[in-house]
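Shown here: work27.cif, mmCIF, C-alpha atoms and all ligand atoms.
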data_run
#
loop_
_atom_site.label_atom_id
_atom_site.label_comp_id
_atom_site.auth_asym_id
_atom_site.auth_seq_id
_atom_site.Cartn_x
_atom_site.Cartn_y
_atom_site.Cartn_z
CA MET A 175 -190.89 -18.52 116.22
CA LEU A 176 -191.97 -19.10 112.66
CA GLY A 177 -195.48 -18.47 111.42
CA SER A 178 -197.70 -21.38 110.56
CA ASP A 179 -196.73 -21.06 106.90
CA GLY A 180 -192.97 -20.83 107.52
CA PRO A 181 -190.51 -23.60 106.72
CA ASP A 182 -190.72 -26.90 108.55
CA ASP A 183 -187.06 -27.26 109.45
CA ASP A 184 -187.12 -25.49 112.82
CA TRP A 185 -190.15 -27.47 113.88
CA VAL A 186 -188.47 -30.68 112.76
CA ARG A 187 -185.35 -29.88 114.77
CA ARG A 188 -187.43 -29.19 117.86
CA ALA A 189 -189.42 -32.37 117.32
CA GLN A 190 -186.16 -34.26 116.88
CA ALA A 191 -185.18 -33.05 120.33
CA GLY A 192 -188.34 -34.67 121.69
CA ASP A 193 -190.70 -31.67 121.56
CA ARG A 194 -194.11 -33.24 120.99
CA GLU A 195 -195.83 -29.89 120.56
CA ALA A 196 -193.48 -29.08 117.70
CA PHE A 197 -194.28 -32.43 116.16
CA SER A 198 -198.01 -31.73 116.53
CA GLU A 199 -197.47 -28.54 114.56
CA LEU A 200 -195.83 -30.59 111.80
CA VAL A 201 -198.71 -33.04 111.85
CA ARG A 202 -201.22 -30.19 111.53
CA ARG A 203 -199.28 -28.76 108.60
CA HIS A 204 -199.18 -32.03 106.66
CA GLN A 205 -202.11 -34.13 107.87
CA ASP A 206 -204.51 -33.10 105.10
CA ARG A 207 -202.04 -33.90 102.33
CA VAL A 208 -201.01 -37.23 103.82
CA PHE A 209 -204.64 -38.15 104.44
CA ARG A 210 -205.60 -37.18 100.89
CA TYR A 211 -202.79 -39.28 99.45
CA LEU A 212 -203.62 -42.33 101.54
CA LEU A 213 -207.33 -41.97 100.84
CA ARG A 214 -206.69 -41.99 97.11
CA MET A 215 -204.22 -44.85 97.40
CA LEU A 216 -206.47 -47.03 99.55
CA GLY A 217 -209.93 -45.75 98.73
CA SER A 218 -211.29 -46.09 102.25
CA HIS A 219 -211.82 -43.13 104.56
CA GLU A 220 -211.42 -45.27 107.67
CA ASP A 221 -208.23 -46.94 106.44
CA ALA A 222 -206.78 -43.61 105.39
CA LEU A 223 -207.51 -42.12 108.80
CA GLU A 224 -205.81 -44.98 110.62
CA LEU A 225 -202.86 -45.12 108.26
CA THR A 226 -202.34 -41.37 108.38
CA GLN A 227 -201.88 -41.70 112.11
CA ASP A 228 -199.62 -44.71 111.62
CA ALA A 229 -197.48 -42.78 109.14
CA PHE A 230 -197.02 -39.87 111.54
CA ILE A 231 -196.15 -42.20 114.38
CA LYS A 232 -193.55 -43.90 112.18
CA ALA A 233 -192.26 -40.45 111.28
CA TRP A 234 -191.96 -39.55 114.97
CA GLN A 235 -190.03 -42.74 115.59
CA ALA A 236 -187.80 -42.17 112.56
CA LEU A 237 -187.13 -38.50 113.35
CA PRO A 238 -183.63 -39.18 114.73
CA GLN A 239 -182.68 -40.30 111.21
CA TRP A 240 -184.02 -37.16 109.52
CA GLN A 241 -181.26 -35.12 107.89
CA PRO A 242 -181.56 -31.35 107.42
CA GLU A 243 -180.94 -31.81 103.66
CA ALA A 244 -184.16 -33.77 103.38
CA GLN A 245 -187.31 -31.81 102.69
CA PHE A 246 -189.69 -32.83 105.47
CA ARG A 247 -192.65 -33.20 103.13
CA THR A 248 -190.94 -35.66 100.77
CA TRP A 249 -189.40 -37.49 103.72
CA LEU A 250 -192.85 -37.80 105.26
CA PHE A 251 -194.45 -38.90 101.99
CA ARG A 252 -191.85 -41.60 101.68
CA ILE A 253 -193.02 -42.97 105.01
CA ALA A 254 -196.68 -42.50 104.07
CA ASN A 255 -196.15 -44.26 100.76
CA ASN A 256 -194.44 -47.23 102.41
CA THR A 257 -197.30 -47.35 104.90
CA ALA A 258 -199.79 -47.48 102.03
CA LEU A 259 -197.91 -50.21 100.18
CA ASP A 260 -197.57 -52.27 103.37
CA ALA A 261 -201.30 -51.95 103.92
CA LEU A 262 -202.08 -52.93 100.34
CA ARG A 263 -199.87 -55.98 100.65
CA ARG A 264 -201.12 -56.92 104.10
CA ARG A 265 -204.77 -56.59 103.33
CA LYS A 266 -204.51 -57.51 99.68
CA LEU A 267 -206.66 -54.48 99.13
CA VAL A 268 -206.08 -54.13 95.44
CA GLU A 269 -209.61 -52.92 94.84
CA PHE A 270 -210.00 -49.18 95.04
CA VAL A 271 -213.17 -48.19 96.90
CA PRO A 272 -214.89 -45.15 95.39
CA LEU A 273 -214.49 -42.15 97.62
CA GLU A 274 -217.26 -41.40 100.05
CA ASN A 275 -217.22 -37.64 99.66
CA SER A 276 -216.37 -37.53 96.01
CA PHE A 277 -219.79 -36.41 94.88
CA ASP A 278 -219.95 -33.30 97.03
CA THR A 279 -219.88 -30.30 94.78
CA PRO A 280 -219.15 -26.76 95.83
CA SER A 281 -222.27 -24.62 96.29
CA SER A 282 -220.63 -21.84 94.29
CA GLU A 283 -221.04 -23.87 91.09
CA PRO A 284 -224.06 -22.32 89.37
CA ASP A 285 -224.56 -24.52 86.32
CA PRO A 286 -226.15 -27.89 87.25
CA GLU A 287 -225.45 -29.42 83.85
CA ARG A 288 -221.78 -28.57 84.01
CA GLN A 289 -221.74 -29.71 87.60
CA ALA A 290 -223.20 -33.09 86.62
CA GLN A 291 -220.65 -33.50 83.86
CA ALA A 292 -217.79 -32.64 86.20
CA THR A 293 -219.12 -35.16 88.70
CA GLN A 294 -219.32 -37.79 85.99
CA GLU A 295 -215.73 -37.13 84.96
CA VAL A 296 -214.60 -37.40 88.57
CA ARG A 297 -216.46 -40.69 88.97
CA GLN A 298 -214.91 -41.99 85.78
CA LEU A 299 -211.42 -40.97 86.88
CA GLU A 300 -211.84 -42.55 90.30
CA ALA A 301 -213.21 -45.75 88.82
CA ASN A 302 -210.34 -45.94 86.36
CA MET A 303 -207.67 -45.06 88.92
CA LYS A 304 -208.68 -48.07 90.97
CA LYS A 305 -207.87 -50.31 88.04
CA LEU A 306 -204.30 -49.03 87.85
CA ALA A 307 -201.40 -50.91 89.37
CA PRO A 308 -200.44 -49.32 92.72
CA GLU A 309 -197.05 -48.24 91.31
CA HIS A 310 -198.85 -46.29 88.59
CA ARG A 311 -201.50 -44.92 90.92
CA GLN A 312 -198.95 -43.65 93.41
CA ILE A 313 -196.78 -41.86 90.89
CA LEU A 314 -199.78 -40.19 89.23
CA LEU A 315 -201.10 -39.02 92.60
CA LEU A 316 -197.71 -37.62 93.59
CA ARG A 317 -197.50 -35.75 90.30
CA GLU A 318 -201.08 -34.70 89.56
CA VAL A 319 -202.54 -34.24 93.04
CA GLU A 320 -199.51 -33.50 95.21
CA GLU A 321 -197.88 -31.59 92.36
CA MET A 322 -194.40 -32.85 93.14
CA THR A 323 -191.48 -32.36 90.77
CA TYR A 324 -189.69 -35.36 89.28
CA GLU A 325 -186.89 -34.79 91.76
CA GLU A 326 -189.31 -34.84 94.70
CA ILE A 327 -191.13 -37.91 93.39
CA GLY A 328 -187.74 -39.60 92.99
CA ARG A 329 -186.98 -38.94 96.63
CA VAL A 330 -190.35 -40.25 97.79
CA LEU A 331 -190.17 -43.42 95.72
CA SER A 332 -186.38 -43.91 95.75
CA LEU A 333 -186.20 -43.66 91.97
CA SER A 334 -183.92 -41.80 89.60
CA GLU A 335 -185.47 -38.87 87.77
CA GLY A 336 -185.15 -40.83 84.55
CA THR A 337 -187.19 -43.67 86.01
CA VAL A 338 -189.77 -41.21 87.33
CA LYS A 339 -190.07 -39.78 83.83
CA SER A 340 -190.57 -43.15 82.15
CA ARG A 341 -192.85 -44.55 84.83
CA LEU A 342 -195.09 -41.48 84.70
CA ALA A 343 -195.41 -41.84 80.94
CA ARG A 344 -196.31 -45.52 81.36
CA ALA A 345 -198.80 -44.69 84.11
CA ARG A 346 -200.49 -42.13 81.90
CA ALA A 347 -200.57 -44.51 78.96
CA ALA A 348 -202.04 -47.22 81.19
CA LEU A 349 -204.76 -44.89 82.49
CA ILE A 350 -205.59 -43.73 78.97
CA GLU A 351 -205.83 -47.35 77.91
CA ILE A 352 -208.25 -48.03 80.78
CA TYR A 353 -210.37 -45.09 79.62
CA ALA A 354 -210.39 -46.51 76.11
CA ARG A 355 -211.36 -49.99 77.32
CA SER A 356 -214.17 -48.67 79.54
CA ARG A 357 -215.73 -46.97 76.52
CA PRO A 358 -219.00 -48.76 75.71
CA MET B 246 -181.74 -36.23 60.15
CA SER B 247 -181.54 -33.72 62.96
CA PRO B 248 -182.64 -34.67 66.48
CA GLU B 249 -185.59 -32.28 66.16
CA GLU B 250 -187.01 -34.38 63.34
CA LYS B 251 -187.02 -37.62 65.29
CA CYS B 252 -190.45 -38.64 66.43
CA PRO B 253 -190.53 -38.09 70.17
CA ARG B 254 -191.52 -40.84 72.52
CA SER B 255 -194.55 -40.61 74.79
CA GLU B 256 -192.05 -40.23 77.64
CA ALA B 257 -190.91 -36.88 76.32
CA LEU B 258 -194.50 -35.75 75.74
CA SER B 259 -195.38 -36.73 79.28
CA ALA B 260 -192.42 -34.74 80.57
CA LEU B 261 -193.49 -31.81 78.39
CA VAL B 262 -196.89 -31.79 80.10
CA ASP B 263 -195.09 -31.80 83.44
CA ASN B 264 -192.86 -28.92 82.39
CA GLU B 265 -189.86 -31.09 83.21
CA LEU B 266 -187.97 -30.69 79.93
CA LEU B 267 -185.04 -28.34 79.67
CA GLU B 268 -184.27 -26.11 76.71
CA PRO B 269 -183.57 -26.67 73.91
CA ASP B 270 -185.41 -30.02 74.15
CA ARG B 271 -188.61 -28.41 75.37
CA GLY B 272 -188.84 -25.87 72.56
CA ALA B 273 -187.86 -28.41 69.91
CA LEU B 274 -190.51 -30.86 71.06
CA ALA B 275 -193.20 -28.19 71.34
CA THR B 276 -192.45 -27.16 67.75
CA HIS B 277 -192.42 -30.73 66.54
CA VAL B 278 -195.77 -31.52 68.16
CA THR B 279 -197.60 -28.71 66.39
CA GLY B 280 -196.77 -30.31 63.04
CA CYS B 281 -196.92 -34.02 63.93
CA PRO B 282 -200.29 -35.75 63.50
CA ILE B 283 -199.20 -38.58 65.79
CA CYS B 284 -197.68 -36.65 68.66
CA ALA B 285 -200.27 -33.86 68.76
CA PRO B 286 -203.23 -36.02 69.82
CA VAL B 287 -201.07 -37.89 72.34
CA LEU B 288 -200.05 -34.61 73.91
CA ALA B 289 -203.69 -33.51 73.90
CA GLU B 290 -204.67 -36.71 75.72
CA PHE B 291 -201.96 -36.22 78.32
CA LYS B 292 -203.16 -32.68 78.88
CA GLN B 293 -206.78 -33.81 79.12
CA LEU B 294 -205.75 -36.42 81.66
CA ARG B 295 -204.04 -33.74 83.68
CA ASP B 296 -207.18 -31.57 83.58
CA SER B 297 -209.28 -34.46 84.83
CA PHE B 298 -207.15 -34.64 87.99
CA VAL B 299 -207.70 -30.95 88.60
CA ALA B 300 -211.44 -31.70 88.84
CA LEU B 301 -210.91 -34.11 91.75
CA PRO B 302 -212.61 -32.66 94.83
CA GLU B 303 -210.66 -31.68 97.91
CA VAL B 304 -210.91 -34.23 100.68
CA ALA B 305 -210.24 -33.77 104.37
CA ALA B 306 -210.03 -36.13 107.31
CA GLY B 307 -212.55 -34.05 109.24
CA VAL B 308 -210.81 -34.77 112.54
CA ASP B 309 -207.81 -33.32 114.32
CA ILE B 310 -205.24 -35.97 113.43
CA ALA B 311 -202.53 -34.10 115.35
CA SER B 312 -204.23 -34.68 118.69
CA LEU B 313 -204.95 -38.33 117.86
CA VAL B 314 -201.32 -38.86 116.91
CA ASP B 315 -200.07 -37.09 120.01
CA ARG B 316 -202.26 -39.27 122.20
CA ARG B 317 -200.90 -42.42 120.56
CA ILE B 318 -197.31 -41.19 120.85
CA ALA B 319 -197.92 -40.48 124.52
CA ALA B 320 -199.36 -43.97 124.98
CA ILE B 321 -196.43 -45.61 123.19
CA ALA B 322 -193.75 -43.52 124.87
CA GLY B 323 -195.50 -43.49 128.22
CA ILE B 324 -192.67 -42.41 130.44
CA ALA B 325 -190.73 -40.54 127.76
CA LYS B 326 -192.23 -37.21 128.73
CA PRO B 327 -192.90 -37.11 132.48
CA GLN B 328 -194.96 -33.90 132.58
CA SER B 329 -197.50 -35.27 130.11
CA ARG B 330 -197.90 -38.76 131.54
CA PRO B 331 -201.55 -39.74 130.98
CA GLN B 332 -203.27 -39.82 134.37
CA ARG B 333 -205.84 -42.38 133.30
CA TRP B 334 -203.19 -45.09 133.30
CA ARG B 335 -203.00 -45.20 137.10
CA TRP B 336 -199.88 -47.30 136.76
CA TRP B 337 -199.42 -47.47 140.52
CA GLN B 338 -202.55 -49.60 140.70
CA VAL B 339 -201.26 -52.34 138.40
CA GLY B 340 -198.00 -54.21 138.14
CA PRO B 341 -195.71 -53.50 135.19
CA ALA B 342 -196.40 -56.94 133.68
CA ALA B 343 -200.16 -56.34 133.79
CA LEU B 344 -199.68 -52.95 132.19
CA GLY B 345 -197.63 -54.51 129.40
CA GLY B 346 -200.32 -57.11 128.87
CA ALA B 347 -203.02 -54.45 128.68
CA LEU B 348 -201.02 -52.51 126.09
CA SER B 349 -200.44 -55.62 124.00
CA LEU B 350 -204.13 -56.44 124.18
CA SER B 351 -205.26 -52.99 123.13
CA LEU B 352 -202.71 -53.00 120.30
CA GLY B 353 -204.10 -56.34 119.17
CA VAL B 354 -207.64 -55.00 119.25
CA TYR B 355 -206.49 -51.95 117.35
CA LEU B 356 -204.75 -53.99 114.67
CA GLY B 357 -207.72 -56.30 114.45
CA SER B 358 -210.11 -53.43 113.86
CA ALA B 359 -207.73 -51.94 111.30
CA LEU B 360 -207.77 -55.23 109.41
CA MET B 361 -211.56 -55.33 109.48
CA LEU B 362 -211.75 -51.88 107.92
CA GLY B 363 -210.01 -53.06 104.80
CA SER B 364 -212.81 -55.39 103.89
CA GLN B 365 -215.53 -52.96 102.91
CA VAL B 366 -216.64 -53.12 99.35
CA THR B 367 -218.63 -50.54 97.49
CA ALA B 368 -220.43 -51.11 94.25
CA GLN B 369 -218.92 -49.43 91.25
CA PRO B 370 -220.88 -46.76 89.44
CA ALA B 371 -222.36 -47.92 86.17
CA ALA B 372 -220.15 -47.48 83.15
CA LEU B 373 -220.19 -43.86 82.16
CA GLN B 374 -219.74 -42.65 78.69
CA MET B 375 -216.89 -40.27 78.11
CA ALA B 376 -215.43 -39.20 74.85
CA ALA B 377 -212.03 -38.52 76.35
CA PHE B 378 -208.78 -40.35 75.67
CA THR B 379 -209.86 -42.07 72.52
CA ALA B 380 -207.90 -40.32 69.81
CA ILE B 381 -205.14 -42.93 69.94
CA PRO B 382 -205.85 -46.62 70.48
CA PRO B 383 -204.25 -48.43 73.42
CA GLY B 384 -200.55 -49.04 73.08
CA ALA B 385 -200.29 -46.85 70.02
CA LEU B 386 -198.54 -43.85 71.48
CA CYS B 387 -196.47 -42.52 68.62
CA PRO B 388 -196.43 -46.04 67.21
CA VAL B 389 -195.28 -45.62 63.65
CA LEU B 390 -191.84 -44.21 64.07
CA GLN B 391 -191.21 -44.18 60.39
CA ALA B 392 -194.39 -42.29 59.57
CA CYS B 393 -193.64 -39.73 62.24
CA ASN B 394 -190.03 -39.39 61.20
CA SER B 395 -190.90 -38.86 57.60
CA MET B 396 -193.22 -35.98 58.33
CA GLY B 397 -190.40 -33.47 58.19
CA HIS B 398 -190.65 -30.08 59.80
ZN ZN C 401 -194.17 -37.09 66.27
#
Written as structure tokens, how would this file's structure read?
Amino acid sequence: MLGSDGPDDDWVRRAQAGDREAFSELVRRHQDRVFRYLLRMLGSHEDALELTQDAFIKAWQALPQWQPEAQFRTWLFRIANNTALDALRRRKLVEFVPLENSFDTPSSEPDPERQAQATQEVRQLEANMKKLAPEHRQILLLREVEEMTYEEIGRVLSLSEGTVKSRLARARAALIEIYARSRP
Amino acid sequence: MSPEEKCPRSEALSALVDNELLEPDRGALATHVTGCPICAPVLAEFKQLRDSFVALPEVAAGVDIASLVDRRIAAIAGIAKPQSRPQRWRWWQVGPAALGGALSLSLGVYLGSALMLGSQVTAQPAALQMAAFTAIPPGALCPVLQACNSMGH
């Protein structure tokens, strides 16, 4: 059996065969990342918690269609992303709610002034991210937070790498423009 | 004019920040940027934007999602895995139609509560001053192609 940091594929195959414990292992491996993504897409802790579960349940139901060539993480994020977009459409939740835990700072940070400035920058970023179109928010999160390559982002969003490249540039330009506009 | 002398688009600069350009494009662009007064600040802004994401705090659900998901899968599948059939259902005490009705009802309640959760609104923090991302005005990413092209390298 693979260690907890081994590849997903064996667990996916077992889960495909109906092994719920194997699927639980996959959930444990990916739940924090999926939750983080959905939280930053939707802005609400409660929504993100519900939709993270929804995404995994959809993944469980879609497992028969999973192909070994597909990286489980990008396959899962594709489902999570669709779940987020469905929720945004359904609830018309275009407003991004500032994150509940975003002002917690690590106790190891010794300099209060620097800490305050970092917090301010985080608040500014979160406030500005909520003003972005969802298609720009999602691609920036996949790149900057999930650290996916253009190829991986393309698989998640069903886009060519060329489109990923141009959309990321537009998303960055849009966010920079929001920063400029929010300047007093 | 050689390709290296063409003013790069913000797209290429964005890809440079992402380390998604292949040689020789990457090297040529990196060289160009050091001498181009239009591209250099754009690249700096893209890099600053990237750094701001690094400052985002880690977030965690704080609950064991795996067990919640497994419970819901068990409830949906029900009979799919005989050895893990939830005992609390006591299906022998109710008819199949009643059981179906109960499931539909609880799903409705669940969906209803999920819809409610979307409605919370939190006040925005007051506008905060930040000197970042101001070197180039909106929509002016490498705007004057001619000026950039004529720089020469
Ligand atoms: Zn230039």
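Of the residues listed (B:Gly307, B:Gly323, B:Gly280, B:Pro286), B:Gly307 shows the shortest atom-to-atom separation from chain A; distances use all atoms listed in the file.
Compared by their closest atoms to Ala189 in chain A, and using only C-alpha atoms, the residues A:Gln235, A:Gln227, A:Ser356, A:Asn255 rank with A:Gln235 nearest.
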### Message
Can you measure CA of Tyr211 in chain A to CA of Val314 in chain B for me? One decimal in Å is fine.
### Response
17.5 Å
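Within 6 Å of chain B, chain A contributes the residues Ser198, Val201, Arg202, Asp206, Gln227, Val271, Val296, Ser340, Ala343, Ile350, Glu351 and Ala354 of chain A, using all atoms listed in the file.
Here CA of Val330 in chain A and CA of Leu315 in chain A stand 12.0 Å from one another.
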### Message
Report, in Å to a single decimal, how far apart CA of Phe246 in chain A and CA of Asp228 in chain A are.
### Response
16.7 Å
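Closest approach to Leu333 in chain A from the set A:Glu199, A:Asp221, A:Glu309, A:Asp260 is made by A:Glu309, with distances taken over all atoms listed in the file.
Each of B:Ala322, B:Leu288, B:Ile283, B:Val262 was compared to ligand ZN 401 (chain C) using only C-alpha atoms and all ligand atoms, and B:Ile283 turns out to be the nearest.
Between ligand ZN 401 (chain C) and the candidates B:Ala320, B:Cys284, B:Ala289, B:Ala275, the tightest atom-to-atom separation, counting all atoms listed in the file, involves B:Cys284.
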What box, with edges along x, y and z, holds each listed atom of range 287-303 of chain B when 6 Å is added on every side, and can you state its centre and edge lengths in Å to one decimal, as AutoDock Vina command-line options?
--center_x -206.3 --center_y -34.4 --center_z 85.1 --size_x 24.6 --size_y 18.9 --size_z 37.6
As a compact mmCIF listing (two decimals), in the coordinates of the input, could you write out range 299-324 of chain A once it has been completed with N, CA, C and O atoms?
# COMPACT_ATOMS: atom_id res chain seq x y z
N LEU A 299 -212.85 -40.97 86.52
CA LEU A 299 -211.42 -40.97 86.88
C LEU A 299 -211.18 -41.87 88.09
O LEU A 299 -210.24 -42.66 88.11
N GLU A 300 -212.03 -41.75 89.09
CA GLU A 300 -211.84 -42.55 90.30
C GLU A 300 -212.02 -44.04 90.01
O GLU A 300 -211.27 -44.87 90.53
N ALA A 301 -212.99 -44.34 89.18
CA ALA A 301 -213.21 -45.75 88.82
C ALA A 301 -212.01 -46.29 88.05
O ALA A 301 -211.58 -47.44 88.27
N ASN A 302 -211.47 -45.48 87.17
CA ASN A 302 -210.34 -45.94 86.36
C ASN A 302 -209.03 -46.00 87.16
O ASN A 302 -208.20 -46.86 86.93
N MET A 303 -208.88 -45.07 88.09
CA MET A 303 -207.67 -45.06 88.92
C MET A 303 -207.56 -46.35 89.74
O MET A 303 -206.47 -46.84 90.00
N LYS A 304 -208.72 -46.86 90.14
CA LYS A 304 -208.68 -48.07 90.97
C LYS A 304 -208.23 -49.29 90.19
O LYS A 304 -207.82 -50.29 90.75
N LYS A 305 -208.31 -49.18 88.87
CA LYS A 305 -207.87 -50.31 88.04
C LYS A 305 -206.37 -50.26 87.75
O LYS A 305 -205.81 -51.19 87.17
N LEU A 306 -205.74 -49.16 88.09
CA LEU A 306 -204.30 -49.03 87.85
C LEU A 306 -203.50 -49.85 88.86
O LEU A 306 -203.94 -50.04 89.99
N ALA A 307 -202.34 -50.29 88.43
CA ALA A 307 -201.40 -50.91 89.37
C ALA A 307 -201.00 -49.87 90.41
O ALA A 307 -200.88 -48.69 90.07
N PRO A 308 -200.81 -50.28 91.67
CA PRO A 308 -200.44 -49.32 92.72
C PRO A 308 -199.23 -48.45 92.35
O PRO A 308 -199.19 -47.27 92.67
N GLU A 309 -198.25 -49.03 91.64
CA GLU A 309 -197.05 -48.24 91.31
C GLU A 309 -197.39 -47.13 90.30
O GLU A 309 -196.72 -46.10 90.27
N HIS A 310 -198.42 -47.34 89.49
CA HIS A 310 -198.85 -46.29 88.59
C HIS A 310 -199.75 -45.29 89.29
O HIS A 310 -199.67 -44.09 89.06
N ARG A 311 -200.60 -45.81 90.17
CA ARG A 311 -201.50 -44.92 90.92
C ARG A 311 -200.70 -43.96 91.79
O ARG A 311 -200.96 -42.77 91.83
N GLN A 312 -199.70 -44.50 92.48
CA GLN A 312 -198.95 -43.65 93.41
C GLN A 312 -198.19 -42.55 92.67
O GLN A 312 -198.20 -41.39 93.11
N ILE A 313 -197.59 -42.88 91.56
CA ILE A 313 -196.78 -41.86 90.89
C ILE A 313 -197.67 -40.79 90.26
O ILE A 313 -197.33 -39.60 90.24
N LEU A 314 -198.85 -41.18 89.78
CA LEU A 314 -199.78 -40.19 89.23
C LEU A 314 -200.32 -39.28 90.33
O LEU A 314 -200.47 -38.08 90.13
N LEU A 315 -200.61 -39.85 91.49
CA LEU A 315 -201.10 -39.02 92.60
C LEU A 315 -200.03 -38.03 93.06
O LEU A 315 -200.32 -36.86 93.31
N LEU A 316 -198.79 -38.52 93.15
CA LEU A 316 -197.71 -37.62 93.59
C LEU A 316 -197.52 -36.48 92.60
O LEU A 316 -197.26 -35.34 92.98
N ARG A 317 -197.69 -36.79 91.32
CA ARG A 317 -197.50 -35.75 90.30
C ARG A 317 -198.74 -34.86 90.16
O ARG A 317 -198.65 -33.65 90.23
N GLU A 318 -199.90 -35.47 89.95
CA GLU A 318 -201.08 -34.70 89.56
C GLU A 318 -201.81 -34.10 90.75
O GLU A 318 -202.43 -33.05 90.62
N VAL A 319 -201.81 -34.77 91.87
CA VAL A 319 -202.54 -34.24 93.04
C VAL A 319 -201.58 -33.51 93.98
O VAL A 319 -201.86 -32.39 94.40
N GLU A 320 -200.46 -34.14 94.29
CA GLU A 320 -199.51 -33.50 95.21
C GLU A 320 -198.59 -32.52 94.49
O GLU A 320 -197.85 -31.78 95.13
N GLU A 321 -198.62 -32.54 93.19
CA GLU A 321 -197.88 -31.59 92.36
C GLU A 321 -196.38 -31.56 92.68
O GLU A 321 -195.75 -30.51 92.76
N MET A 322 -195.84 -32.75 92.87
CA MET A 322 -194.40 -32.85 93.14
C MET A 322 -193.62 -32.83 91.83
O MET A 322 -194.09 -33.29 90.79
N THR A 323 -192.39 -32.32 91.92
CA THR A 323 -191.48 -32.36 90.77
C THR A 323 -190.93 -33.78 90.62
O THR A 323 -191.07 -34.60 91.53
N TYR A 324 -190.29 -34.03 89.49
CA TYR A 324 -189.69 -35.36 89.28
C TYR A 324 -188.65 -35.65 90.37
O TYR A 324 -188.52 -36.78 90.82
